[in-house]
$ cat run33.cif   # mmCIF, C-alpha atoms
data_upload
#
loop_
_atom_site.label_atom_id
_atom_site.label_comp_id
_atom_site.auth_asym_id
_atom_site.auth_seq_id
_atom_site.Cartn_x
_atom_site.Cartn_y
_atom_site.Cartn_z
CA MET A 1 0.00 0.00 0.00
CA ILE A 2 1.31 3.44 -0.99
CA GLU A 3 0.59 6.35 1.30
CA TYR A 4 0.36 10.03 0.38
CA THR A 5 -0.45 13.26 2.14
CA PHE A 6 -3.59 14.61 0.55
CA PHE A 7 -3.77 18.25 -0.51
CA ARG A 8 -7.34 19.10 -1.53
CA GLY A 9 -7.10 22.86 -1.94
CA CYS A 10 -9.87 25.36 -1.25
CA MET A 11 -12.34 25.07 -4.07
CA ILE A 12 -12.90 21.32 -3.98
CA PRO A 13 -13.87 20.89 -0.28
CA ALA A 14 -15.94 24.09 -0.33
CA LEU A 15 -17.73 23.90 -3.67
CA GLN A 16 -17.17 20.42 -5.06
CA PRO A 17 -17.18 17.91 -2.18
CA PHE A 18 -18.21 15.19 -4.66
CA VAL A 19 -14.76 15.44 -6.27
CA GLU A 20 -13.05 15.01 -2.90
CA ALA A 21 -15.26 11.99 -2.10
CA ALA A 22 -14.53 10.49 -5.54
CA ALA A 23 -10.76 10.99 -5.10
CA ILE A 24 -10.70 9.23 -1.75
CA LYS A 25 -12.87 6.34 -2.96
CA VAL A 26 -11.09 5.85 -6.28
CA LEU A 27 -7.58 5.86 -4.79
CA GLU A 28 -8.74 3.53 -1.99
CA LYS A 29 -9.82 1.03 -4.68
CA PHE A 30 -6.25 1.02 -5.97
CA ASP A 31 -4.71 0.58 -2.50
CA ILE A 32 -3.53 4.15 -2.19
CA LYS A 33 -4.04 5.56 1.26
CA LEU A 34 -4.47 9.30 1.70
CA ARG A 35 -3.41 10.90 4.92
CA GLU A 36 -4.87 14.24 5.91
CA LEU A 37 -2.39 17.13 5.94
CA LYS A 38 -3.13 18.69 9.30
CA GLY A 39 -2.74 22.48 9.43
CA GLU A 40 -2.77 23.00 5.66
CA THR A 41 -3.56 26.50 4.37
CA CYS A 42 -4.33 27.96 0.95
CA CYS A 43 -1.72 26.61 -1.53
CA PRO A 44 -1.64 29.81 -2.24
CA VAL A 45 -3.23 30.68 -5.61
CA PRO A 46 -0.53 31.17 -8.26
CA GLU A 47 -1.86 34.59 -9.35
CA ALA A 48 -2.94 37.37 -6.97
CA PRO A 49 -0.83 36.49 -3.88
CA LYS A 50 2.24 35.89 -6.05
CA ALA A 51 1.80 39.27 -7.73
CA LEU A 52 1.41 41.05 -4.38
CA ASP A 53 4.42 39.61 -2.59
CA GLU A 54 6.45 36.81 -4.08
CA LEU A 55 8.41 35.89 -0.95
CA SER A 56 5.22 35.52 1.11
CA TRP A 57 3.83 33.35 -1.68
CA TYR A 58 6.86 31.04 -1.47
CA VAL A 59 6.70 30.99 2.34
CA MET A 60 3.04 29.95 2.40
CA ALA A 61 3.59 27.21 -0.17
CA ALA A 62 6.77 26.04 1.56
CA ARG A 63 4.89 25.85 4.85
CA ASN A 64 2.43 23.37 3.32
CA LEU A 65 5.32 21.40 1.84
CA ALA A 66 7.18 21.42 5.15
CA LEU A 67 4.10 19.94 6.86
CA ALA A 68 4.07 17.13 4.30
CA GLU A 69 7.82 16.63 4.80
CA LYS A 70 7.21 16.35 8.53
CA ALA A 71 4.74 13.55 7.82
CA GLY A 72 7.46 11.92 5.70
CA LEU A 73 5.21 11.30 2.72
CA ASN A 74 4.99 12.50 -0.88
CA LEU A 75 2.13 14.86 -1.55
CA VAL A 76 -0.74 14.32 -3.99
CA THR A 77 -3.05 17.12 -5.09
CA ILE A 78 -6.36 16.99 -6.96
CA CYS A 79 -6.40 20.67 -7.95
CA SER A 80 -4.46 21.97 -10.96
CA GLY A 81 -3.81 25.35 -9.31
CA CYS A 82 -2.42 23.77 -6.13
CA PHE A 83 -0.32 21.49 -8.29
CA GLU A 84 1.26 24.41 -10.12
CA THR A 85 2.00 26.34 -6.92
CA LEU A 86 3.34 23.44 -4.88
CA GLU A 87 5.32 21.86 -7.70
CA GLU A 88 6.87 25.15 -8.75
CA THR A 89 7.78 26.04 -5.16
CA ASN A 90 9.21 22.59 -4.55
CA GLU A 91 11.36 22.73 -7.70
CA VAL A 92 12.48 26.35 -7.27
CA LEU A 93 13.39 26.01 -3.58
CA LYS A 94 15.28 22.77 -4.21
CA GLU A 95 17.51 24.65 -6.70
CA ASN A 96 17.66 28.18 -5.31
CA LYS A 97 19.56 28.03 -2.02
CA VAL A 98 19.40 31.79 -1.37
CA LEU A 99 15.62 31.83 -1.63
CA ARG A 100 15.38 28.65 0.41
CA SER A 101 17.26 30.13 3.33
CA ALA A 102 15.10 33.30 3.17
CA VAL A 103 11.99 31.11 3.26
CA ASN A 104 13.33 28.91 6.06
CA GLU A 105 14.09 32.00 8.11
CA LYS A 106 10.37 32.85 8.03
CA LEU A 107 9.38 29.25 8.76
CA ALA A 108 11.72 28.87 11.74
CA PRO A 109 9.41 30.57 14.32
CA LEU A 110 6.75 28.01 13.34
CA GLY A 111 9.13 25.17 14.07
CA LEU A 112 9.16 24.15 10.41
CA GLU A 113 11.87 23.79 7.77
CA PHE A 114 11.72 23.20 4.04
CA LYS A 115 14.23 20.46 3.24
CA GLY A 116 13.21 19.53 -0.31
CA VAL A 117 12.90 15.81 0.31
CA ILE A 118 9.44 15.04 -1.04
CA GLN A 119 7.77 14.99 -4.44
CA VAL A 120 4.58 16.81 -5.41
CA LYS A 121 2.29 14.78 -7.63
CA ASN A 122 -0.87 15.45 -9.54
CA VAL A 123 -3.56 12.79 -9.11
CA ILE A 124 -3.27 12.08 -12.87
CA GLU A 125 0.39 11.09 -12.42
CA VAL A 126 -0.50 8.80 -9.54
CA LEU A 127 -3.27 7.12 -11.52
CA TYR A 128 -1.38 6.83 -14.81
CA ASP A 129 2.17 6.10 -13.64
CA GLU A 130 1.69 4.26 -10.35
CA VAL A 131 -1.63 2.49 -10.78
CA GLY A 132 -1.28 2.12 -14.53
CA ILE A 133 -3.79 2.12 -17.38
CA LYS A 134 -4.01 -1.67 -17.47
CA ARG A 135 -4.95 -1.97 -13.82
CA ILE A 136 -7.54 0.80 -14.19
CA GLY A 137 -9.00 -0.92 -17.26
CA ASP A 138 -9.20 -4.26 -15.44
CA ALA A 139 -10.87 -2.73 -12.37
CA ILE A 140 -13.65 -1.10 -14.34
CA SER A 141 -16.98 -2.73 -13.69
CA ARG A 142 -19.15 -0.52 -15.87
CA LYS A 143 -17.47 0.02 -19.21
CA LEU A 144 -18.50 3.38 -20.58
CA ASP A 145 -19.11 2.19 -24.14
CA GLY A 146 -21.32 4.65 -25.93
CA VAL A 147 -20.57 7.50 -23.56
CA LYS A 148 -19.23 10.47 -25.56
CA VAL A 149 -17.33 13.14 -23.70
CA CYS A 150 -15.39 16.30 -24.51
CA LEU A 151 -12.25 16.97 -22.46
CA GLN A 152 -11.28 20.24 -20.83
CA VAL A 153 -7.63 19.92 -19.91
CA GLY A 154 -7.18 23.48 -18.61
CA CYS A 155 -4.31 25.92 -19.06
CA ARG A 156 -2.18 24.75 -16.15
CA LEU A 157 -1.85 21.18 -17.36
CA TYR A 158 -0.89 22.32 -20.87
CA ARG A 159 2.24 23.70 -19.25
CA THR A 160 3.35 20.12 -18.62
CA GLU A 161 2.58 18.99 -22.18
CA GLU A 162 6.22 18.45 -23.14
CA THR A 163 7.62 17.49 -19.74
CA LYS A 164 5.23 15.41 -17.66
CA ARG A 165 2.69 14.94 -20.48
CA LEU A 166 -0.28 15.29 -18.15
CA PRO A 167 -2.82 16.25 -20.89
CA GLN A 168 -2.00 13.05 -22.77
CA LYS A 169 -2.24 10.99 -19.57
CA PHE A 170 -5.58 12.60 -18.73
CA ARG A 171 -6.95 11.48 -22.08
CA GLY A 172 -5.47 8.02 -21.59
CA ILE A 173 -7.31 7.55 -18.30
CA VAL A 174 -10.65 8.64 -19.82
CA GLU A 175 -10.14 6.24 -22.72
CA ALA A 176 -9.32 3.43 -20.28
CA THR A 177 -12.87 3.73 -18.88
CA GLY A 178 -14.18 2.94 -22.37
CA GLY A 179 -15.58 6.42 -22.91
CA LYS A 180 -15.25 7.97 -26.35
CA VAL A 181 -13.30 11.22 -26.41
CA ILE A 182 -14.58 13.74 -28.96
CA ASP A 183 -12.01 16.15 -30.35
CA TYR A 184 -13.23 19.68 -30.82
CA GLU A 185 -11.70 22.78 -32.34
CA THR A 186 -11.55 25.02 -29.27
CA ASP A 187 -10.12 22.39 -26.89
CA ARG A 188 -7.11 24.51 -25.93
CA VAL A 189 -9.13 27.62 -25.19
CA CYS A 190 -9.25 28.80 -21.58
CA CYS A 191 -12.51 28.15 -19.69
CA GLY A 192 -12.66 31.85 -18.85
CA PHE A 193 -12.17 31.56 -15.09
CA PRO A 194 -9.21 34.03 -14.80
CA THR A 195 -11.44 36.81 -16.16
CA ILE A 196 -13.20 36.97 -12.74
CA TYR A 197 -10.36 39.29 -11.69
CA ALA A 198 -11.52 41.95 -14.13
CA ASP A 199 -14.66 41.19 -16.11
CA PRO A 200 -16.55 37.88 -15.54
CA ASN A 201 -19.03 38.79 -18.25
CA PHE A 202 -16.23 38.89 -20.83
CA GLY A 203 -15.24 35.38 -19.71
CA TYR A 204 -18.78 34.02 -20.03
CA MET A 205 -19.45 35.58 -23.43
CA HIS A 206 -16.06 35.30 -25.17
CA ARG A 207 -14.42 32.23 -23.63
CA THR A 208 -16.94 29.84 -22.05
CA LYS A 209 -19.63 30.53 -24.65
CA LEU A 210 -17.10 30.04 -27.46
CA LYS A 211 -16.28 26.61 -26.03
CA LEU A 212 -19.87 25.67 -25.17
CA ASP A 213 -21.10 26.50 -28.70
CA ASP A 214 -18.36 24.33 -30.17
CA ILE A 215 -18.91 21.47 -27.69
CA ALA A 216 -22.72 21.58 -28.09
CA SER A 217 -22.37 21.05 -31.85
CA TYR A 218 -21.01 17.54 -31.15
CA SER A 219 -23.83 16.81 -28.64
CA PRO A 220 -21.67 14.94 -26.12
CA ASP A 221 -22.98 13.34 -22.91
CA GLY A 222 -20.81 15.63 -20.84
CA ILE A 223 -17.57 17.53 -20.36
CA VAL A 224 -14.82 15.90 -18.31
CA VAL A 225 -12.49 18.28 -16.49
CA ILE A 226 -9.64 17.93 -14.02
CA CYS A 227 -9.33 21.53 -12.82
CA PRO A 228 -11.95 22.64 -10.23
CA ALA A 229 -11.86 26.19 -11.62
CA CYS A 230 -12.89 24.91 -15.07
CA LEU A 231 -15.75 22.90 -13.52
CA ASN A 232 -16.97 25.94 -11.61
CA GLN A 233 -16.71 28.16 -14.67
CA PHE A 234 -18.59 25.78 -16.98
CA GLU A 235 -21.46 25.45 -14.51
CA MET A 236 -21.66 29.12 -13.52
CA ALA A 237 -21.45 30.21 -17.16
CA GLN A 238 -24.29 27.90 -18.19
CA LEU A 239 -26.49 29.38 -15.44
CA ASP A 240 -25.50 32.93 -16.42
CA LEU A 241 -25.98 32.31 -20.13
CA LYS A 242 -29.37 30.70 -19.48
CA ALA A 243 -30.53 34.01 -18.00
CA LYS A 244 -29.32 35.69 -21.21
CA GLY A 245 -31.33 33.31 -23.38
CA PHE A 246 -28.72 30.66 -24.30
CA SER A 247 -29.55 27.15 -23.14
CA TYR A 248 -26.95 24.37 -23.18
CA ASP A 249 -27.51 21.93 -20.28
CA ILE A 250 -24.22 20.10 -20.79
CA PRO A 251 -23.21 18.35 -17.55
CA CYS A 252 -19.65 18.80 -16.42
CA ILE A 253 -17.91 16.29 -14.18
CA ASN A 254 -14.43 15.74 -12.82
CA LEU A 255 -12.24 12.91 -14.12
CA LEU A 256 -12.29 11.36 -10.64
CA GLU A 257 -16.10 11.28 -10.61
CA LEU A 258 -16.14 9.61 -14.03
CA LEU A 259 -13.63 7.06 -12.79
CA ALA A 260 -15.62 6.46 -9.58
CA LEU A 261 -18.81 5.85 -11.58
CA SER A 262 -17.10 3.44 -13.95
CA LEU A 263 -15.55 1.58 -11.00
CA GLY A 264 -19.08 0.86 -9.78
CA ILE A 265 -19.14 3.34 -6.89
CA PRO A 266 -22.79 4.46 -6.56
CA ALA A 267 -23.40 8.07 -7.61
CA SER A 268 -25.51 8.71 -4.52
CA SER A 269 -22.58 7.93 -2.22
CA LEU A 270 -20.51 10.69 -3.85
CA GLY A 271 -23.10 13.47 -3.69
CA ILE A 272 -23.06 14.05 -7.44
CA GLN A 273 -26.60 15.46 -7.14
CA TRP A 274 -25.03 18.66 -5.76
CA HIS A 275 -23.72 19.70 -9.17
CA ARG A 276 -25.23 22.98 -10.35
CA ILE A 277 -25.91 21.40 -13.77
CA LYS A 278 -27.39 18.00 -12.91
CA PRO A 279 -25.58 15.15 -14.65
CA ASP A 280 -28.60 12.79 -14.34
CA GLN A 281 -28.61 11.72 -18.00
CA LEU A 282 -24.87 10.98 -17.90
CA ILE A 283 -25.17 8.93 -14.70
CA LYS A 284 -28.11 7.01 -16.19
CA LYS A 285 -26.08 6.22 -19.28
CA VAL A 286 -23.09 5.09 -17.19
CA GLU A 287 -25.23 2.91 -14.95
CA GLU A 288 -26.86 1.27 -17.95
CA GLY A 289 -23.39 0.34 -19.26
CA ARG A 290 -22.09 -3.21 -19.14
CA MET B 291 22.06 40.94 -26.46
CA GLN B 292 18.52 42.26 -26.75
CA LYS B 293 15.76 40.09 -25.27
CA VAL B 294 12.20 40.35 -26.52
CA LEU B 295 8.81 38.77 -25.86
CA LEU B 296 7.74 35.86 -28.01
CA HIS B 297 4.15 34.61 -28.09
CA ASN B 298 3.38 31.12 -29.35
CA PRO B 299 -0.23 31.07 -30.61
CA GLU B 300 -0.18 27.26 -30.72
CA LYS B 301 0.21 27.20 -26.93
CA CYS B 302 -1.90 30.23 -25.95
CA SER B 303 -5.26 29.45 -24.36
CA GLY B 304 -6.47 33.04 -24.32
CA CYS B 305 -6.79 33.08 -20.53
CA THR B 306 -5.75 36.78 -20.55
CA LEU B 307 -3.73 36.44 -17.33
CA CYS B 308 -0.89 38.33 -19.06
CA MET B 309 -3.18 41.32 -19.63
CA LEU B 310 -4.44 41.21 -16.04
CA ILE B 311 -1.00 40.93 -14.50
CA CYS B 312 0.34 43.70 -16.77
CA SER B 313 -2.28 46.17 -15.58
CA PHE B 314 -1.96 44.96 -11.98
CA SER B 315 1.81 45.34 -11.85
CA HIS B 316 1.77 48.81 -13.42
CA PHE B 317 -1.49 50.32 -12.10
CA ASN B 318 -2.44 48.11 -9.10
CA VAL B 319 -5.74 47.17 -10.70
CA CYS B 320 -6.91 44.33 -12.94
CA ASP B 321 -8.30 46.15 -15.97
CA TYR B 322 -8.06 44.98 -19.57
CA THR B 323 -7.98 48.56 -20.87
CA LEU B 324 -4.79 49.32 -18.89
CA SER B 325 -2.68 46.51 -20.31
CA SER B 326 0.31 46.98 -22.60
CA ILE B 327 -0.11 43.50 -24.06
CA LYS B 328 -3.31 42.66 -25.91
CA ILE B 329 -4.71 39.20 -26.60
CA VAL B 330 -7.17 39.20 -29.49
CA ASN B 331 -9.04 36.46 -31.36
CA ASP B 332 -7.31 35.20 -34.49
CA PRO B 333 -9.72 36.17 -37.28
CA ASP B 334 -8.56 33.25 -39.44
CA ARG B 335 -8.53 30.44 -36.90
CA LYS B 336 -11.33 29.69 -34.45
CA GLY B 337 -10.12 29.14 -30.91
CA ARG B 338 -6.69 30.64 -31.52
CA PHE B 339 -5.35 33.96 -30.27
CA ILE B 340 -2.89 36.61 -31.39
CA ALA B 341 -0.87 38.74 -28.97
CA ILE B 342 -0.01 42.35 -29.73
CA TYR B 343 3.00 43.59 -27.79
CA CYS B 344 6.04 45.84 -28.12
CA SER B 345 9.02 44.49 -30.09
CA HIS B 346 11.45 47.02 -28.59
CA CYS B 347 12.60 47.75 -32.16
CA GLU B 348 16.23 48.15 -33.11
CA PHE B 349 15.42 51.58 -34.57
CA PRO B 350 12.18 52.57 -32.83
CA ILE B 351 9.91 54.85 -34.81
CA CYS B 352 8.26 55.93 -31.55
CA GLU B 353 11.61 57.22 -30.31
CA ALA B 354 12.30 59.00 -33.62
CA SER B 355 8.86 60.57 -33.73
CA CYS B 356 8.63 61.88 -30.16
CA PRO B 357 8.74 65.71 -30.26
CA LYS B 358 9.81 65.90 -26.60
CA ASN B 359 12.47 63.14 -26.69
CA ALA B 360 10.46 61.40 -23.98
CA ILE B 361 11.06 57.96 -25.53
CA LYS B 362 14.51 56.41 -25.23
CA LYS B 363 15.97 53.04 -26.15
CA ASP B 364 18.32 51.91 -23.39
CA LYS B 365 21.79 51.28 -24.82
CA GLU B 366 22.50 48.29 -22.57
CA THR B 367 19.19 46.47 -22.21
CA GLY B 368 17.60 47.61 -25.46
CA ILE B 369 14.34 48.37 -23.63
CA VAL B 370 12.34 51.21 -25.22
CA LYS B 371 10.75 53.30 -22.48
CA ILE B 372 8.49 56.34 -22.27
CA ASN B 373 9.42 58.89 -19.63
CA SER B 374 6.00 59.92 -18.28
CA MET B 375 7.42 63.11 -16.79
CA LEU B 376 8.46 64.32 -20.23
CA CYS B 377 5.53 62.95 -22.28
CA ILE B 378 3.00 65.62 -23.33
CA GLY B 379 0.39 63.11 -24.55
CA CYS B 380 0.49 64.16 -28.22
CA LYS B 381 -0.18 60.54 -29.33
CA THR B 382 2.31 60.73 -32.22
CA CYS B 383 3.87 57.44 -31.10
CA ASN B 384 0.40 55.82 -30.89
CA VAL B 385 -0.23 56.65 -34.53
CA LEU B 386 3.21 55.96 -35.96
CA CYS B 387 3.93 52.58 -34.35
CA PRO B 388 3.25 50.03 -37.12
CA ILE B 389 1.33 47.76 -34.70
CA GLY B 390 -0.13 50.51 -32.50
CA VAL B 391 1.57 49.47 -29.28
CA PRO B 392 1.73 52.75 -27.31
CA TRP B 393 -1.70 53.66 -25.92
CA PHE B 394 -3.08 56.82 -24.38
CA HIS B 395 -3.93 56.87 -20.67
CA GLU B 396 -7.02 59.09 -20.49
CA LYS B 397 -6.64 60.05 -16.81
CA ARG B 398 -2.89 60.60 -16.76
CA ARG B 399 -2.89 62.27 -20.20
CA VAL B 400 0.31 60.46 -21.24
CA SER B 401 1.20 57.60 -23.57
CA ILE B 402 2.05 54.24 -22.03
CA LYS B 403 3.89 51.25 -23.49
CA CYS B 404 5.57 48.02 -22.44
CA ASP B 405 8.76 48.50 -20.40
CA LEU B 406 9.48 44.75 -20.13
CA CYS B 407 9.05 45.27 -16.35
CA GLY B 408 12.71 46.24 -16.27
CA GLY B 409 13.98 42.86 -17.49
CA LEU B 410 11.83 39.92 -16.37
CA PRO B 411 8.27 40.67 -17.47
CA TYR B 412 5.35 39.71 -15.26
CA CYS B 413 3.37 38.44 -18.30
CA VAL B 414 6.05 35.81 -18.97
CA ARG B 415 6.24 34.75 -15.31
CA PHE B 416 2.47 34.39 -14.98
CA CYS B 417 1.61 32.86 -18.38
CA SER B 418 -0.35 29.77 -17.40
CA THR B 419 0.39 27.69 -20.50
CA GLY B 420 3.98 28.80 -21.16
CA ALA B 421 2.97 30.48 -24.46
CA LEU B 422 4.81 33.71 -23.62
CA THR B 423 8.60 33.55 -23.36
CA LEU B 424 11.48 36.00 -23.19
CA VAL B 425 14.10 35.14 -25.80
CA ALA B 426 16.96 36.73 -27.71
CA ARG B 427 15.78 38.76 -30.70
CA GLU B 428 17.62 36.52 -33.19
CA GLU B 429 15.93 33.45 -31.76
CA ALA B 430 12.52 35.12 -31.79
CA ARG B 431 13.00 36.16 -35.39
CA ALA B 432 14.09 32.68 -36.48
CA LYS B 433 11.14 31.04 -34.70
CA ALA B 434 8.63 33.51 -36.12
CA LEU B 435 9.95 33.03 -39.65
CA LEU B 436 9.91 29.27 -39.24
CA ALA B 437 6.30 29.38 -38.05
CA GLY B 438 5.43 31.40 -41.13
CA GLY B 439 7.09 28.83 -43.38
CA LEU B 440 10.04 31.07 -44.27
CA LYS B 441 13.79 30.70 -43.82
CA ALA B 442 15.75 32.93 -41.52
#
$ encode --input "run33.cif" --output "structure tokens"
Amino acid sequence: MIEYTFFRGCMIPALQPFVEAAAIKVLEKFDIKLRELKGETCCPVPEAPKALDELSWYVMAARNLALAEKAGLNLVTICSGCFETLEETNEVLKENKVLRSAVNEKLAPLGLEFKGVIQVKNVIEVLYDEVGIKRIGDAISRKLDGVKVCLQVGCRLYRTEETKRLPQKFRGIVEATGGKVIDYETDRVCCGFPTIYADPNFGYMHRTKLKLDDIASYSPDGIVVICPACLNQFEMAQLDLKAKGFSYDIPCINLLELLALSLGIPASSLGIQWHRIKPDQLIKKVEEGR
Amino acid sequence: MQKVLLHNPEKCSGCTLCMLICSFSHFNVCDYTLSSIKIVNDPDRKGRFIAIYCSHCEFPICEASCPKNAIKKDKETGIVKINSMLCIGCKTCNVLCPIGVPWFHEKRRVSIKCDLCGGLPYCVRFCSTGALTLVAREEARAKALLAGGLKA
């Protein structure tokens, strides 16, 4: 049994508890134990706090990493934003000794020290590299034949396209469930979430709507995402656009929920009914599968 | 060696974080109208984006055209900068720049343009997909020509 410290971030426990439940249940099925990271704070977000004060940003991230180091376990995160922050901090502080000592100076009063001895992993890496596609395929009890989905990889994972190849691995895991991945033209386009800093309406009309129009033309059963910000944006945008007279009703679920459903974990035990856009049709189709 | 911005449209997701961080780092507010880099839809390709930003030209027309000598190209770094204390807001640079980079700040009554944040631009550091990079001009030119199907 492999053990990890579990970093869930802010958005998933607060807004998408079904994703957290799915992550715990899916990884448990593959003998991966998640240990709670006691005292964790915001990762922090790789935008606003970093722009305000970079050293504080590193200190906060290093504090979370130091807590995981204290537990003596590698860290797994289910949020793309947390992954970027923690991975970047881990890599930068391992290399940059000057910055590391400045950070450790701030951590010392807390009784913590960043040593750079653990690895930060995205849940996709754990599933693809450690569990393996074959084992996932074998464990699937409801093969998702006939389920057509569009993927939303999200900006942050595209950054790893040439190094860790997370977008390709994401697709591989979805295909291992038997689901059919539909390629669409605007797949790389941002969901529109970062526009909340300035003009959310611009994001809904010129990013999310652009994607939703394209996706709707293929009439898929749903959109599969990995980033909680993308999930939030797709659901909020559909509600906002409905008020403006555009109706889509395309359910949007996390990769871990899709995996949980195909592994035979009942939807009701995850709390999937709490999605803003109800994925009832998608669940029905999955449960009817072989 | 002069370093310039290079935008790779194949990688850009149009998240506009570069625009937000540009306005935030220079004006302490996230406002698309106060950004010196602009991300616009590619009219020829759906779901692709073009970035409009300063090239910090070798022989800047903005510098040559400024009636107050408020624009100077730094001899060492090659960064072309507007001195706001000297600028009179005549907009000559706005009009003469071939890609319309300098823009007019209505409240401050001066022209503003990219200053590469003094060396390591915020837009490059915050680009979420890695589409924006800071490279040597020769490299940028070779890559751009290659992308256009031409030889350097």
$ resolve_selection --input "run33.cif" --expression "the PyMOL selection byres ((chain A and resi 187-199) around 8)" --output "PDB file with C-alpha atoms, in the coordinates of the input"
ATOM      1  CA  LEU A 151     -12.250  16.970 -22.460  1.00  0.00           C
ATOM      2  CA  GLN A 152     -11.280  20.240 -20.830  1.00  0.00           C
ATOM      3  CA  VAL A 153      -7.630  19.920 -19.910  1.00  0.00           C
ATOM      4  CA  GLY A 154      -7.180  23.480 -18.610  1.00  0.00           C
ATOM      5  CA  CYS A 155      -4.310  25.920 -19.060  1.00  0.00           C
ATOM      6  CA  ASP A 183     -12.010  16.150 -30.350  1.00  0.00           C
ATOM      7  CA  TYR A 184     -13.230  19.680 -30.820  1.00  0.00           C
ATOM      8  CA  GLU A 185     -11.700  22.780 -32.340  1.00  0.00           C
ATOM      9  CA  THR A 186     -11.550  25.020 -29.270  1.00  0.00           C
ATOM     10  CA  PRO A 200     -16.550  37.880 -15.540  1.00  0.00           C
ATOM     11  CA  ASN A 201     -19.030  38.790 -18.250  1.00  0.00           C
ATOM     12  CA  PHE A 202     -16.230  38.890 -20.830  1.00  0.00           C
ATOM     13  CA  GLY A 203     -15.240  35.380 -19.710  1.00  0.00           C
ATOM     14  CA  TYR A 204     -18.780  34.020 -20.030  1.00  0.00           C
ATOM     15  CA  HIS A 206     -16.060  35.300 -25.170  1.00  0.00           C
ATOM     16  CA  ARG A 207     -14.420  32.230 -23.630  1.00  0.00           C
ATOM     17  CA  THR A 208     -16.940  29.840 -22.050  1.00  0.00           C
ATOM     18  CA  LYS A 211     -16.280  26.610 -26.030  1.00  0.00           C
ATOM     19  CA  ALA A 229     -11.860  26.190 -11.620  1.00  0.00           C
ATOM     20  CA  CYS A 230     -12.890  24.910 -15.070  1.00  0.00           C
ATOM     21  CA  GLN A 233     -16.710  28.160 -14.670  1.00  0.00           C
ATOM     22  CA  PHE A 234     -18.590  25.780 -16.980  1.00  0.00           C
TER      23      PHE A 234
ATOM     24  CA  LYS B 301       0.210  27.200 -26.930  1.00  0.00           C
ATOM     25  CA  CYS B 302      -1.900  30.230 -25.950  1.00  0.00           C
ATOM     26  CA  SER B 303      -5.260  29.450 -24.360  1.00  0.00           C
ATOM     27  CA  GLY B 304      -6.470  33.040 -24.320  1.00  0.00           C
ATOM     28  CA  CYS B 305      -6.790  33.080 -20.530  1.00  0.00           C
ATOM     29  CA  THR B 306      -5.750  36.780 -20.550  1.00  0.00           C
ATOM     30  CA  LEU B 307      -3.730  36.440 -17.330  1.00  0.00           C
ATOM     31  CA  LEU B 310      -4.440  41.210 -16.040  1.00  0.00           C
ATOM     32  CA  CYS B 320      -6.910  44.330 -12.940  1.00  0.00           C
ATOM     33  CA  ASP B 321      -8.300  46.150 -15.970  1.00  0.00           C
ATOM     34  CA  TYR B 322      -8.060  44.980 -19.570  1.00  0.00           C
ATOM     35  CA  GLY B 337     -10.120  29.140 -30.910  1.00  0.00           C
ATOM     36  CA  ARG B 338      -6.690  30.640 -31.520  1.00  0.00           C
TER      37      ARG B 338
END
$ closest_residue --input "run33.cif" --among "B:Ala434, B:Phe317, B:Asp364, B:Thr419" --to "Tyr158 (chain A)" --atoms "only C-alpha atoms"
B:Thr419
$ resolve_selection --input "run33.cif" --expression "the PyMOL selection byres ((chain B and resi 389-403) around 12)" --output "compact mmCIF listing (two decimals) with C-alpha atoms, keeping the file's coordinate frame"
# COMPACT_ATOMS: atom_id res chain seq x y z
CA CYS B 312 0.34 43.70 -16.77
CA SER B 313 -2.28 46.17 -15.58
CA HIS B 316 1.77 48.81 -13.42
CA PHE B 317 -1.49 50.32 -12.10
CA THR B 323 -7.98 48.56 -20.87
CA LEU B 324 -4.79 49.32 -18.89
CA SER B 325 -2.68 46.51 -20.31
CA SER B 326 0.31 46.98 -22.60
CA ILE B 327 -0.11 43.50 -24.06
CA LYS B 328 -3.31 42.66 -25.91
CA ALA B 341 -0.87 38.74 -28.97
CA ILE B 342 -0.01 42.35 -29.73
CA TYR B 343 3.00 43.59 -27.79
CA CYS B 344 6.04 45.84 -28.12
CA SER B 345 9.02 44.49 -30.09
CA HIS B 346 11.45 47.02 -28.59
CA CYS B 347 12.60 47.75 -32.16
CA PRO B 350 12.18 52.57 -32.83
CA ILE B 351 9.91 54.85 -34.81
CA CYS B 352 8.26 55.93 -31.55
CA GLU B 353 11.61 57.22 -30.31
CA CYS B 356 8.63 61.88 -30.16
CA ALA B 360 10.46 61.40 -23.98
CA ILE B 361 11.06 57.96 -25.53
CA LYS B 362 14.51 56.41 -25.23
CA ILE B 369 14.34 48.37 -23.63
CA VAL B 370 12.34 51.21 -25.22
CA LYS B 371 10.75 53.30 -22.48
CA ILE B 372 8.49 56.34 -22.27
CA ASN B 373 9.42 58.89 -19.63
CA SER B 374 6.00 59.92 -18.28
CA MET B 375 7.42 63.11 -16.79
CA LEU B 376 8.46 64.32 -20.23
CA CYS B 377 5.53 62.95 -22.28
CA ILE B 378 3.00 65.62 -23.33
CA GLY B 379 0.39 63.11 -24.55
CA CYS B 380 0.49 64.16 -28.22
CA LYS B 381 -0.18 60.54 -29.33
CA THR B 382 2.31 60.73 -32.22
CA CYS B 383 3.87 57.44 -31.10
CA ASN B 384 0.40 55.82 -30.89
CA VAL B 385 -0.23 56.65 -34.53
CA LEU B 386 3.21 55.96 -35.96
CA CYS B 387 3.93 52.58 -34.35
CA PRO B 388 3.25 50.03 -37.12
CA CYS B 404 5.57 48.02 -22.44
CA ASP B 405 8.76 48.50 -20.40
CA LEU B 406 9.48 44.75 -20.13
CA CYS B 407 9.05 45.27 -16.35
$ closest_residue --input "run33.cif" --among "A:Lys50, A:Lys164, A:Arg159, A:Lys284" --to "chain B" --atoms "all atoms listed in the file"
A:Arg159
